[in-house]
file start27.csv (CSV, C-alpha atoms)
chain,number,residue,atom,x,y,z
A,4,MET,CA,-42.5,-97.7,-24.9
A,5,ARG,CA,-39.3,-98.8,-26.6
A,6,LEU,CA,-38.0,-95.2,-26.1
A,7,GLN,CA,-38.7,-95.5,-22.4
A,8,ASN,CA,-36.7,-98.6,-22.1
A,9,GLN,CA,-33.6,-96.8,-23.2
A,10,TRP,CA,-33.4,-95.0,-19.9
A,11,ARG,CA,-35.1,-97.4,-17.6
A,12,PRO,CA,-32.9,-100.2,-16.3
A,13,ASN,CA,-35.7,-102.6,-15.4
A,14,PRO,CA,-38.9,-101.5,-16.9
A,15,SER,CA,-40.7,-104.8,-16.5
A,16,HIS,CA,-40.6,-104.6,-12.7
A,17,ASN,CA,-42.4,-101.3,-12.2
A,18,PRO,CA,-44.0,-99.5,-15.2
A,19,ASN,CA,-44.9,-96.3,-13.3
A,20,THR,CA,-41.8,-95.2,-11.4
A,21,LEU,CA,-38.2,-94.7,-12.1
A,22,PRO,CA,-36.2,-97.1,-10.0
A,23,THR,CA,-33.7,-95.2,-8.0
A,24,ARG,CA,-31.4,-98.1,-7.1
A,25,ASN,CA,-28.5,-98.4,-9.6
A,26,THR,CA,-29.8,-95.4,-11.6
A,27,THR,CA,-26.9,-93.5,-13.1
A,28,ALA,CA,-26.7,-89.8,-13.6
A,29,GLN,CA,-26.9,-90.3,-17.4
A,30,GLN,CA,-30.2,-92.2,-17.0
A,31,MET,CA,-31.5,-89.4,-14.7
A,32,ARG,CA,-30.6,-86.8,-17.3
A,33,SER,CA,-32.3,-88.7,-20.1
A,34,ALA,CA,-35.4,-89.1,-17.9
A,35,ALA,CA,-35.4,-85.4,-17.3
A,36,VAL,CA,-35.3,-84.7,-21.0
A,37,MET,CA,-38.1,-87.1,-21.7
A,38,ALA,CA,-40.2,-85.7,-18.9
A,39,ALA,CA,-39.7,-82.2,-20.2
A,40,ASP,CA,-40.6,-83.2,-23.7
A,41,ASP,CA,-43.7,-85.0,-22.4
A,42,GLY,CA,-44.7,-81.9,-20.5
A,43,GLN,CA,-45.0,-79.8,-23.6
A,44,PRO,CA,-48.5,-79.2,-25.0
A,45,ARG,CA,-49.5,-81.8,-27.6
A,46,LEU,CA,-50.1,-79.0,-30.1
A,47,LEU,CA,-46.4,-77.9,-30.0
A,48,HIS,CA,-44.9,-81.4,-30.5
A,49,TRP,CA,-44.5,-80.8,-34.2
A,50,THR,CA,-42.1,-77.9,-33.4
A,51,GLN,CA,-39.6,-80.2,-31.7
A,52,GLY,CA,-38.2,-81.8,-34.8
A,53,ARG,CA,-35.9,-80.4,-37.5
A,54,VAL,CA,-38.8,-80.0,-40.0
A,55,GLY,CA,-40.9,-78.1,-37.5
A,56,GLY,CA,-38.0,-76.0,-36.4
A,57,GLY,CA,-37.1,-75.3,-40.0
A,58,VAL,CA,-40.6,-74.3,-40.9
A,59,LEU,CA,-40.8,-72.0,-37.9
A,60,ALA,CA,-37.5,-70.4,-38.9
A,61,ILE,CA,-38.4,-69.8,-42.5
A,62,ALA,CA,-42.1,-69.2,-42.6
A,63,PRO,CA,-42.6,-65.8,-40.9
A,64,SER,CA,-39.9,-64.1,-43.1
A,65,ALA,CA,-41.3,-65.9,-46.2
A,66,ALA,CA,-44.8,-64.6,-45.4
A,67,LEU,CA,-43.5,-61.1,-45.0
A,68,ASP,CA,-41.6,-61.3,-48.3
A,69,LEU,CA,-44.6,-62.7,-50.0
A,70,TYR,CA,-46.8,-59.9,-48.7
A,71,ASN,CA,-44.2,-57.3,-49.9
A,72,ALA,CA,-44.0,-58.8,-53.3
A,73,THR,CA,-47.8,-58.9,-53.8
A,74,GLU,CA,-49.7,-55.9,-55.2
A,75,VAL,CA,-53.4,-55.6,-55.4
A,76,ALA,CA,-55.0,-52.7,-57.3
A,77,LEU,CA,-58.0,-51.7,-55.3
A,78,ARG,CA,-60.0,-50.3,-58.2
A,79,THR,CA,-59.5,-53.0,-60.8
A,80,ARG,CA,-58.9,-55.7,-58.2
A,81,GLU,CA,-56.0,-56.8,-60.3
A,82,PHE,CA,-53.6,-59.1,-58.5
A,83,ASN,CA,-49.9,-58.8,-59.3
A,84,PHE,CA,-47.2,-61.0,-57.8
A,85,ASN,CA,-43.6,-59.8,-58.4
A,86,GLY,CA,-41.7,-63.1,-58.3
A,87,ARG,CA,-38.3,-61.5,-58.9
A,88,GLN,CA,-38.7,-59.2,-55.9
A,89,PHE,CA,-39.9,-62.1,-53.8
A,90,LEU,CA,-36.8,-64.1,-54.6
A,91,VAL,CA,-34.4,-61.2,-54.0
A,92,ASP,CA,-36.1,-60.3,-50.7
A,93,SER,CA,-36.1,-64.0,-49.7
A,94,GLU,CA,-32.4,-64.3,-50.4
A,95,ARG,CA,-31.8,-61.2,-48.1
A,96,SER,CA,-33.9,-62.4,-45.2
A,97,GLN,CA,-33.5,-66.2,-45.5
A,98,SER,CA,-29.7,-66.1,-45.7
A,99,GLY,CA,-29.6,-64.4,-42.3
A,100,ASN,CA,-32.2,-66.8,-41.0
A,101,ALA,CA,-30.2,-69.8,-42.1
A,102,VAL,CA,-27.0,-68.4,-40.6
A,103,GLY,CA,-28.8,-67.5,-37.3
A,104,PHE,CA,-30.5,-70.9,-37.2
A,105,ALA,CA,-27.3,-72.8,-37.8
A,106,SER,CA,-25.4,-70.7,-35.3
A,107,SER,CA,-28.0,-71.4,-32.7
A,108,LEU,CA,-27.7,-75.1,-33.2
A,109,VAL,CA,-23.9,-74.9,-33.0
A,110,ALA,CA,-24.1,-72.9,-29.8
A,111,VAL,CA,-26.5,-75.4,-28.2
A,112,ALA,CA,-24.3,-78.4,-29.3
A,113,LEU,CA,-21.1,-76.7,-28.0
A,114,VAL,CA,-22.4,-75.2,-24.8
A,115,GLY,CA,-24.2,-78.5,-24.0
A,116,GLY,CA,-20.7,-79.8,-23.3
A,117,PHE,CA,-20.2,-77.7,-20.2
A,118,ALA,CA,-23.6,-76.2,-19.3
A,119,ALA,CA,-27.1,-77.4,-18.8
A,120,GLY,CA,-30.6,-76.0,-18.1
A,121,ALA,CA,-31.7,-72.4,-18.7
A,122,PRO,CA,-28.2,-71.0,-19.4
A,123,LEU,CA,-27.8,-73.4,-22.3
A,124,LEU,CA,-31.1,-72.2,-23.7
A,125,VAL,CA,-30.2,-68.5,-23.3
A,126,ILE,CA,-26.7,-68.9,-24.8
A,127,GLY,CA,-28.1,-70.8,-27.8
A,128,LEU,CA,-30.7,-68.1,-28.3
A,129,VAL,CA,-28.4,-65.1,-28.1
A,130,GLY,CA,-25.7,-66.9,-30.0
A,131,GLY,CA,-28.1,-67.3,-33.0
A,132,VAL,CA,-29.4,-63.7,-32.7
A,133,PHE,CA,-25.8,-62.3,-32.4
A,134,VAL,CA,-24.5,-64.0,-35.6
A,135,GLN,CA,-27.6,-63.0,-37.5
A,136,VAL,CA,-27.2,-59.4,-36.5
A,137,VAL,CA,-23.5,-59.5,-37.4
A,138,TRP,CA,-24.3,-61.1,-40.8
A,139,ASN,CA,-26.7,-58.2,-41.6
A,140,TRP,CA,-24.3,-55.6,-40.2
A,141,PHE,CA,-21.4,-56.9,-42.3
A,142,GLY,CA,-23.6,-56.4,-45.4
A,143,ALA,CA,-23.7,-60.1,-46.2
A,144,ALA,CA,-27.5,-60.2,-46.4
A,145,ASP,CA,-27.5,-57.4,-49.0
A,146,GLY,CA,-24.6,-59.0,-50.8
A,147,SER,CA,-26.4,-62.3,-51.2
A,148,ALA,CA,-29.6,-60.4,-52.3
A,149,ASN,CA,-27.5,-58.6,-55.0
A,150,LEU,CA,-26.1,-61.9,-56.1
A,151,MET,CA,-29.6,-63.2,-56.5
A,152,GLY,CA,-30.7,-60.1,-58.4
A,153,ARG,CA,-27.8,-60.4,-60.8
A,154,ALA,CA,-28.5,-64.1,-61.3
A,155,LEU,CA,-32.1,-63.4,-62.2
A,156,GLN,CA,-31.3,-60.7,-64.8
B,23,MET,CA,-19.9,-81.0,-16.3
B,24,MET,CA,-21.2,-83.6,-18.5
B,25,MET,CA,-19.7,-86.5,-20.5
B,26,PRO,CA,-20.6,-86.2,-24.2
B,27,GLN,CA,-23.5,-88.3,-25.3
B,28,ARG,CA,-23.6,-90.5,-28.4
B,29,SER,CA,-25.2,-87.8,-30.5
B,30,GLN,CA,-22.5,-85.3,-29.5
B,31,MET,CA,-19.5,-87.5,-30.5
B,32,VAL,CA,-19.3,-85.8,-33.9
B,33,ALA,CA,-21.4,-82.7,-33.3
B,34,LEU,CA,-19.2,-81.5,-30.5
B,35,PRO,CA,-15.8,-81.3,-32.4
B,36,VAL,CA,-17.5,-80.0,-35.6
B,37,SER,CA,-19.4,-77.4,-33.5
B,38,GLY,CA,-16.1,-76.4,-31.8
B,39,PHE,CA,-14.5,-75.7,-35.2
B,40,VAL,CA,-17.5,-73.7,-36.5
B,41,TRP,CA,-17.7,-71.7,-33.3
B,42,GLY,CA,-14.0,-70.8,-33.4
B,43,LEU,CA,-14.3,-69.8,-37.1
B,44,VAL,CA,-17.3,-67.6,-36.4
B,45,THR,CA,-15.5,-66.1,-33.4
B,46,GLY,CA,-12.5,-65.2,-35.6
B,47,LEU,CA,-14.7,-63.8,-38.5
B,48,VAL,CA,-16.4,-61.5,-36.1
B,49,LEU,CA,-13.1,-59.6,-35.9
B,50,THR,CA,-13.1,-58.9,-39.6
B,51,ARG,CA,-13.8,-55.2,-39.4
B,52,ALA,CA,-11.2,-54.8,-36.7
B,53,VAL,CA,-8.2,-56.7,-38.1
B,54,GLY,CA,-9.1,-57.4,-41.8
B,55,PHE,CA,-10.5,-60.6,-43.4
B,56,LYS,CA,-7.3,-62.6,-43.8
B,57,GLN,CA,-6.2,-62.1,-40.3
B,58,ALA,CA,-9.7,-62.8,-38.9
B,59,LEU,CA,-9.9,-66.0,-41.0
B,60,ALA,CA,-6.5,-67.1,-39.7
B,61,VAL,CA,-7.5,-66.4,-36.1
B,62,GLY,CA,-10.8,-68.2,-36.7
B,63,CYS,CA,-9.1,-71.3,-38.1
B,64,MET,CA,-6.6,-71.5,-35.3
B,65,LEU,CA,-9.2,-71.1,-32.6
B,66,GLY,CA,-11.5,-73.5,-34.4
B,67,PHE,CA,-8.7,-76.1,-34.6
B,68,LEU,CA,-8.0,-75.7,-30.9
B,69,LEU,CA,-11.6,-76.0,-30.0
B,70,CYS,CA,-12.1,-79.0,-32.3
B,71,ILE,CA,-9.1,-80.8,-30.7
B,72,THR,CA,-10.2,-80.1,-27.2
B,73,ALA,CA,-13.8,-81.2,-27.9
B,74,ALA,CA,-12.5,-84.4,-29.6
B,75,TRP,CA,-10.3,-85.2,-26.6
B,76,SER,CA,-13.3,-84.7,-24.3
B,77,ALA,CA,-15.5,-86.9,-26.5
B,78,TYR,CA,-13.0,-89.7,-27.4
B,79,ARG,CA,-10.2,-89.9,-24.8
B,80,SER,CA,-11.2,-88.1,-21.6
B,81,ASP,CA,-11.3,-90.1,-18.4
B,82,GLY,CA,-14.5,-88.4,-17.3
B,83,ALA,CA,-13.0,-87.6,-14.0
B,84,ALA,CA,-10.7,-84.9,-12.7
B,85,ARG,CA,-8.9,-84.3,-16.0
B,86,HIS,CA,-12.2,-84.1,-17.8
B,87,ALA,CA,-13.3,-81.3,-15.4
B,88,VAL,CA,-10.1,-79.3,-16.0
B,89,GLY,CA,-10.3,-80.0,-19.8
B,90,ASN,CA,-13.8,-78.7,-19.8
B,91,GLY,CA,-12.8,-75.6,-18.0
B,92,LEU,CA,-10.1,-75.0,-20.7
B,93,PHE,CA,-12.7,-75.7,-23.4
B,94,TYR,CA,-15.1,-73.2,-21.9
B,95,ALA,CA,-12.4,-70.5,-21.6
B,96,LEU,CA,-11.3,-71.0,-25.2
B,97,ALA,CA,-14.9,-71.0,-26.5
B,98,ALA,CA,-16.6,-68.3,-24.4
B,99,ALA,CA,-13.9,-65.7,-23.7
B,100,PRO,CA,-13.0,-64.8,-27.3
B,101,PHE,CA,-16.7,-65.0,-28.3
B,102,LEU,CA,-17.8,-62.6,-25.6
B,103,GLY,CA,-14.8,-60.4,-26.3
B,104,GLY,CA,-15.8,-60.3,-30.0
B,105,ALA,CA,-19.4,-59.6,-29.2
B,106,CYS,CA,-18.4,-56.6,-27.0
B,107,LEU,CA,-16.0,-55.4,-29.8
B,108,VAL,CA,-18.8,-55.6,-32.4
B,109,LEU,CA,-21.1,-53.6,-30.1
B,110,ALA,CA,-18.4,-50.9,-29.7
B,111,GLN,CA,-17.9,-50.7,-33.4
B,112,MET,CA,-21.7,-50.5,-34.1
B,113,ALA,CA,-22.0,-47.8,-31.5
B,114,GLY,CA,-19.2,-45.9,-33.3
B,115,LEU,CA,-16.8,-46.2,-30.3
B,116,ASP,CA,-13.8,-47.3,-32.4
B,117,GLY,CA,-11.3,-46.0,-29.9
B,118,TRP,CA,-12.7,-48.3,-27.2
B,119,VAL,CA,-12.5,-51.5,-29.3
B,120,LEU,CA,-9.5,-53.0,-27.5
B,121,PRO,CA,-10.4,-52.2,-23.9
B,122,VAL,CA,-13.9,-53.5,-24.6
B,123,TRP,CA,-12.6,-56.8,-26.1
B,124,PHE,CA,-10.5,-57.3,-22.9
B,125,LEU,CA,-13.5,-56.5,-20.8
B,126,GLY,CA,-15.5,-59.3,-22.5
B,127,VAL,CA,-12.6,-61.8,-22.2
B,128,ALA,CA,-12.0,-60.9,-18.5
B,129,THR,CA,-15.7,-61.2,-17.7
B,130,VAL,CA,-15.7,-64.9,-18.8
B,131,LEU,CA,-12.4,-65.7,-17.2
B,132,VAL,CA,-13.0,-64.0,-13.9
B,133,SER,CA,-16.5,-65.5,-13.5
B,134,ALA,CA,-15.2,-69.0,-14.0
B,135,LEU,CA,-11.8,-68.8,-12.3
B,136,GLY,CA,-13.0,-66.9,-9.2
B,137,PRO,CA,-15.6,-69.6,-8.2
B,138,ALA,CA,-13.1,-72.3,-9.2
B,139,TRP,CA,-10.5,-70.9,-6.8
B,140,GLN,CA,-13.1,-70.4,-4.1
B,141,THR,CA,-14.4,-74.0,-4.4
B,142,HIS,CA,-10.9,-75.4,-4.4
B,143,ALA,CA,-10.0,-73.4,-1.3
B,144,ARG,CA,-13.1,-74.6,0.5
B,145,LEU,CA,-12.6,-78.2,-0.4
B,146,ALA,CA,-8.9,-78.1,0.4
B,147,ALA,CA,-9.8,-76.6,3.8
B,148,GLU,CA,-12.3,-79.5,4.4
B,149,GLY,CA,-9.7,-82.1,3.4
B,150,ASP,CA,-10.0,-85.7,2.2
B,151,ALA,CA,-12.4,-86.5,5.1
B,152,GLY,CA,-14.6,-83.4,4.8
B,153,PRO,CA,-18.3,-83.4,4.0
B,154,TRP,CA,-17.8,-83.0,0.3
B,155,ALA,CA,-15.3,-85.8,0.0
B,156,ARG,CA,-17.4,-88.1,2.1
B,157,LYS,CA,-20.4,-87.4,-0.1
B,158,HIS,CA,-18.7,-87.6,-3.5
B,159,LEU,CA,-15.7,-89.9,-3.2
B,160,ASP,CA,-15.0,-93.5,-2.5
B,161,LEU,CA,-11.2,-93.4,-2.0
B,162,ARG,CA,-11.0,-97.1,-1.2
B,163,ALA,CA,-12.5,-98.1,-4.5
B,164,GLY,CA,-10.9,-95.2,-6.3
B,165,VAL,CA,-14.3,-94.0,-7.7
B,166,LEU,CA,-16.0,-90.7,-7.9
B,167,LEU,CA,-19.6,-91.0,-6.7
B,168,PRO,CA,-22.4,-89.7,-9.0
B,169,GLY,CA,-22.7,-85.9,-9.0
B,170,ALA,CA,-19.1,-85.3,-7.9
B,171,LEU,CA,-18.3,-83.0,-10.7
B,172,SER,CA,-21.7,-81.5,-11.3
B,173,ALA,CA,-22.1,-78.2,-9.6
B,174,ALA,CA,-25.9,-78.7,-9.5
B,175,GLU,CA,-28.3,-81.2,-10.9
B,176,SER,CA,-29.7,-79.2,-13.8
B,177,PRO,CA,-31.8,-80.9,-16.4
B,178,ARG,CA,-31.8,-79.7,-20.0
B,179,PRO,CA,-34.3,-77.0,-20.9
B,180,ALA,CA,-37.7,-78.2,-22.1
B,181,MET,CA,-36.9,-76.9,-25.6
B,182,THR,CA,-35.2,-78.8,-28.4
B,183,PRO,CA,-32.3,-77.2,-30.3
B,184,TRP,CA,-34.6,-76.8,-33.3
B,185,GLN,CA,-37.0,-74.8,-31.3
B,186,ILE,CA,-34.3,-72.6,-29.9
B,187,GLY,CA,-32.9,-72.0,-33.4
B,188,ALA,CA,-36.4,-71.0,-34.7
B,189,LEU,CA,-36.8,-68.6,-31.7
B,190,ALA,CA,-33.4,-67.1,-32.3
B,191,VAL,CA,-34.3,-66.4,-36.0
B,192,ASN,CA,-37.6,-64.9,-35.3
B,193,LEU,CA,-36.7,-62.6,-32.4
B,194,PRO,CA,-34.7,-60.2,-34.6
B,195,LEU,CA,-37.6,-60.2,-37.1
B,196,LEU,CA,-40.0,-59.2,-34.3
B,197,TRP,CA,-37.6,-56.6,-33.0
B,198,ARG,CA,-37.3,-55.0,-36.5
B,199,LEU,CA,-41.1,-55.1,-37.0
B,200,GLN,CA,-41.4,-53.1,-33.8
B,201,GLY,CA,-39.0,-50.5,-35.3
B,202,GLY,CA,-35.9,-51.5,-33.4
B,203,GLY,CA,-32.5,-51.0,-34.9
B,204,ASP,CA,-29.5,-53.4,-35.1
B,205,THR,CA,-27.4,-51.5,-32.6
B,206,GLY,CA,-30.1,-51.6,-29.9
B,207,LEU,CA,-30.6,-55.3,-30.6
B,208,MET,CA,-26.9,-56.0,-30.4
B,209,ALA,CA,-26.7,-54.1,-27.0
B,210,LEU,CA,-29.5,-56.3,-25.7
B,211,VAL,CA,-27.9,-59.4,-27.0
B,212,VAL,CA,-24.5,-58.6,-25.4
B,213,VAL,CA,-26.1,-57.8,-22.1
B,214,VAL,CA,-28.0,-61.1,-22.0
B,215,MET,CA,-24.9,-62.9,-23.2
B,216,VAL,CA,-22.8,-61.4,-20.4
B,217,ILE,CA,-25.5,-62.5,-17.8
B,218,ALA,CA,-25.7,-66.0,-19.3
B,219,MET,CA,-21.9,-66.4,-19.4
B,220,VAL,CA,-21.5,-65.2,-15.8
B,221,TRP,CA,-24.3,-67.5,-14.8
B,222,VAL,CA,-22.6,-70.5,-16.4
B,223,GLY,CA,-19.2,-69.6,-15.0
B,224,VAL,CA,-20.3,-69.0,-11.5
B,225,GLY,CA,-22.9,-71.7,-11.3
B,226,GLN,CA,-21.5,-74.6,-13.3
B,227,VAL,CA,-18.1,-74.3,-14.9
B,228,GLY,CA,-16.3,-72.6,-12.0
B,229,PRO,CA,-17.4,-75.0,-9.2
B,230,ALA,CA,-16.7,-78.1,-11.4
B,231,LEU,CA,-13.3,-76.8,-12.3
B,232,GLY,CA,-12.5,-76.2,-8.6
B,233,ALA,CA,-13.7,-79.7,-7.7
B,234,GLY,CA,-11.5,-81.1,-10.5
B,235,TRP,CA,-8.5,-79.2,-9.2
B,236,PHE,CA,-9.1,-80.5,-5.7
B,237,LEU,CA,-9.4,-84.1,-7.1
B,238,LEU,CA,-6.1,-83.7,-8.9
B,239,ASP,CA,-4.6,-82.7,-5.6
B,240,ILE,CA,-6.0,-85.9,-4.0
B,241,GLU,CA,-4.8,-88.0,-6.9
B,242,ARG,CA,-1.3,-86.6,-6.5
B,243,ARG,CA,-1.3,-87.2,-2.7
B,244,THR,CA,-2.7,-90.8,-2.9
B,245,SER,CA,-1.0,-91.8,-6.2
B,246,GLN,CA,-4.2,-93.2,-7.6
B,247,ARG,CA,-6.4,-92.3,-10.5
B,248,LEU,CA,-10.0,-91.7,-9.5
B,249,ARG,CA,-12.5,-93.2,-12.0
B,250,ASN,CA,-15.8,-91.8,-13.3
B,251,PRO,CA,-18.8,-93.8,-11.9
B,252,GLU,CA,-20.2,-94.1,-15.5
B,253,TRP,CA,-16.8,-95.2,-16.9
B,254,ALA,CA,-17.9,-98.6,-18.2
B,255,GLU,CA,-21.0,-97.1,-19.9
B,256,VAL,CA,-18.9,-94.3,-21.5
B,257,GLN,CA,-16.4,-96.8,-22.9
B,258,ALA,CA,-19.1,-99.1,-24.2
B,259,MET,CA,-20.6,-96.1,-26.0
B,260,ARG,CA,-17.2,-95.2,-27.5
B,261,ARG,CA,-16.7,-98.8,-28.6
B,262,GLU,CA,-20.0,-98.7,-30.5
B,263,HIS,CA,-19.3,-95.4,-32.2
B,264,TRP,CA,-17.7,-95.6,-35.6
B,265,LEU,CA,-15.3,-92.7,-35.1
B,266,ALA,CA,-14.8,-92.9,-31.4
B,267,ARG,CA,-13.5,-96.5,-31.5
B,268,ARG,CA,-10.6,-95.3,-33.7
B,269,PHE,CA,-9.4,-92.7,-31.3
B,270,MET,CA,-10.4,-94.0,-27.8
B,271,ARG,CA,-8.1,-95.8,-25.4
B,272,GLU,CA,-9.1,-98.8,-23.5
B,273,THR,CA,-7.5,-98.0,-20.1
call {"tool": "encode", "arguments": {"input": "start27.csv", "output": "structure tokens"}}
result
Amino acid sequence: MRLQNQWRPNPSHNPNTLPTRNTTAQQMRSAAVMAADDGQPRLLHWTQGRVGGGVLAIAPSAALDLYNATEVALRTREFNFNGRQFLVDSERSQSGNAVGFASSLVAVALVGGFAAGAPLLVIGLVGGVFVQVVWNWFGAADGSANLMGRALQ
Amino acid sequence: MMMPQRSQMVALPVSGFVWGLVTGLVLTRAVGFKQALAVGCMLGFLLCITAAWSAYRSDGAARHAVGNGLFYALAAAPFLGGACLVLAQMAGLDGWVLPVWFLGVATVLVSALGPAWQTHARLAAEGDAGPWARKHLDLRAGVLLPGALSAAESPRPAMTPWQIGALAVNLPLLWRLQGGGDTGLMALVVVVMVIAMVWVGVGQVGPALGAGWFLLDIERRTSQRLRNPEWAEVQAMRREHWLARRFMRET
């Protein structure tokens, strides 16, 4: 309720509608953001914050790296986890993820100054993907993996 | 065209510098690391200054629209040029690097300046008493009415920046898991980026720039500065912000 009052000029008068008299464009924008947030399914609310976003950014690659670093001998059912390989692979994938994630945030913050709506989303998205691809193409991901490998020796 | 909100007062200039730096570093393979770093630092500095002006000192009216247009040109044109250049290099078309870079830059500039010129010509033909001016200006009070410099009311997408970042990170992963290569992904990214930039230029930045240009004409003719309808709120926000209050001006 306290959050609502930030964009509602006189909430005590009418709790159900947004008063249109004296409503500024800024308040209308804030209302649209809140309405959009509220429209998302409850199950996805955890993804809206920095923790949820960070988990979503890191977890899929971490799961793949974990899978690649794990060996199970079918006959003996022996379980072997190669921690060194996991750390090196993680460095390779997560460095690109971190750069792509940060670039996407920068793109959204910057483009938000002159654009809104769907184009903002698309530019934020492709900005992050672009920088991540360039990072890998320049060999920076392999370079950071090599650094990690040397550090672990 | 939007006035920066409180959360953007620091994020916008910092993002401008980082964006400029990344845009410069993208040119590393074409011009060498030192030159690319120098270009990136210069572009980042320019973007940082322009963004800081917009956040701390802009009047939120005609000059803000024109400043935003300049900011867009500085941010988007070299970035798209760099993206096209990287795509050409990845595809092995090293001889086409320069023309492709110009093509990317021109795409952004033409898609923003064309609609700006068109909007200005239309508004100039309508004049001070035309439908647009009647709807968006109060010349007696010297105030722009809400929506004067917004091409279209367009709410923010129903995704937070964190969600967009997470999606941006996982799309390449999904692409690679399906067997796609980096060159194919880059081609897709550049095509989508061109579409998005043209969309922003034609739909939002260009018309706002044209309207700002028209308002500057009016200000010159009438010798009065038109004010933003949210001016008092913007100034109050600046006064409350620890950094903005050092750089803002009261009038």
call {"tool": "closest_atom_pairs", "arguments": {"input": "start27.csv", "of": "stretch 98-147 of chain A", "to": "stretch 88-91 of chain B", "cutoff": "12 Å", "atoms": "only C-alpha atoms", "output": "CSV"}}
result
residue,atom,partner,partner_atom,distance
A:Leu113,CA,B:Asn90,CA,11.2
A:Val114,CA,B:Asn90,CA,10.5
A:Gly115,CA,B:Asn90,CA,11.2
A:Gly116,CA,B:Asn90,CA,7.8
A:Phe117,CA,B:Asn90,CA,6.5
A:Ala118,CA,B:Asn90,CA,10.1
call {"tool": "closest_residue", "arguments": {"input": "start27.csv", "among": "A:Met151, A:Phe141, A:Val134, A:Val125", "to": "A:Phe89", "atoms": "all atoms listed in the file"}}
result
A:Met151
call {"tool": "residues_near_point", "arguments": {"input": "start27.csv", "point": "(-31.9, -58.5, -35.7)", "cutoff": "12 Å", "atoms": "only C-alpha atoms", "output": "ChimeraX atom specification"}}
result
/A:96,99-100,103,129-140,144 /B:189-211
call {"tool": "atom_distance", "arguments": {"input": "start27.csv", "atom1": "atom CA of B:Ala146", "atom2": "atom CA of B:Met25"}}
result
25.0 Å
call {"tool": "interface_residues", "arguments": {"input": "start27.csv", "of": "chain A", "to": "chain B", "cutoff": "7 Å", "atoms": "all atoms listed in the file", "output": "VMD selection string"}}
result
chain A and resid 28 32 35 to 36 39 to 40 50 to 53 56 to 57 59 to 60 100 103 to 104 107 to 109 111 to 113 116 to 122 124 to 129 131 to 133 136
call {"tool": "residues_around", "arguments": {"input": "start27.csv", "residues": "B:Trp253", "least_positions_apart": "3", "cutoff": "9 Å", "atoms": "only C-alpha atoms", "output": "number ranges by chain"}}
result
B: 81-83, 249-250, 256-258
call {"tool": "residues_around", "arguments": {"input": "start27.csv", "residues": "A:Asn85", "least_positions_apart": "3", "cutoff": "10 Å", "atoms": "only C-alpha atoms", "output": "JSON, numbers by chain"}}
result
{"A": [69, 71, 72, 73, 74, 88, 89, 90]}
call {"tool": "write_last_selection", "arguments": {"input": "start27.csv", "atoms": "C-alpha atoms", "output": "short mmCIF file (atom, residue, chain, number, x, y, z; two decimals), in the frame of the given file"}}
result
data_model
loop_
_atom_site.label_atom_id
_atom_site.label_comp_id
_atom_site.auth_asym_id
_atom_site.auth_seq_id
_atom_site.Cartn_x
_atom_site.Cartn_y
_atom_site.Cartn_z
CA LEU A 69 -44.60 -62.70 -50.00
CA ASN A 71 -44.20 -57.30 -49.90
CA ALA A 72 -44.00 -58.80 -53.30
CA THR A 73 -47.80 -58.90 -53.80
CA GLU A 74 -49.70 -55.90 -55.20
CA GLN A 88 -38.70 -59.20 -55.90
CA PHE A 89 -39.90 -62.10 -53.80
CA LEU A 90 -36.80 -64.10 -54.60
#
call {"tool": "closest_residue", "arguments": {"input": "start27.csv", "among": "B:Ala110, B:Cys63, B:Leu145, B:Met270", "to": "B:Ile240", "atoms": "only C-alpha atoms"}}
result
B:Leu145
call {"tool": "atom_distance", "arguments": {"input": "start27.csv", "atom1": "atom CA of B:Trp123", "atom2": "atom CA of B:Leu59"}}
result
17.7 Å
call {"tool": "closest_residue", "arguments": {"input": "start27.csv", "among": "B:Met64, B:Val224, B:Cys106, B:Ala74", "to": "B:Val127", "atoms": "only C-alpha atoms"}}
result
B:Cys106
call {"tool": "atom_distance", "arguments": {"input": "start27.csv", "atom1": "atom CA of B:Gly103", "atom2": "atom CA of B:Gly46"}}
result
10.7 Å
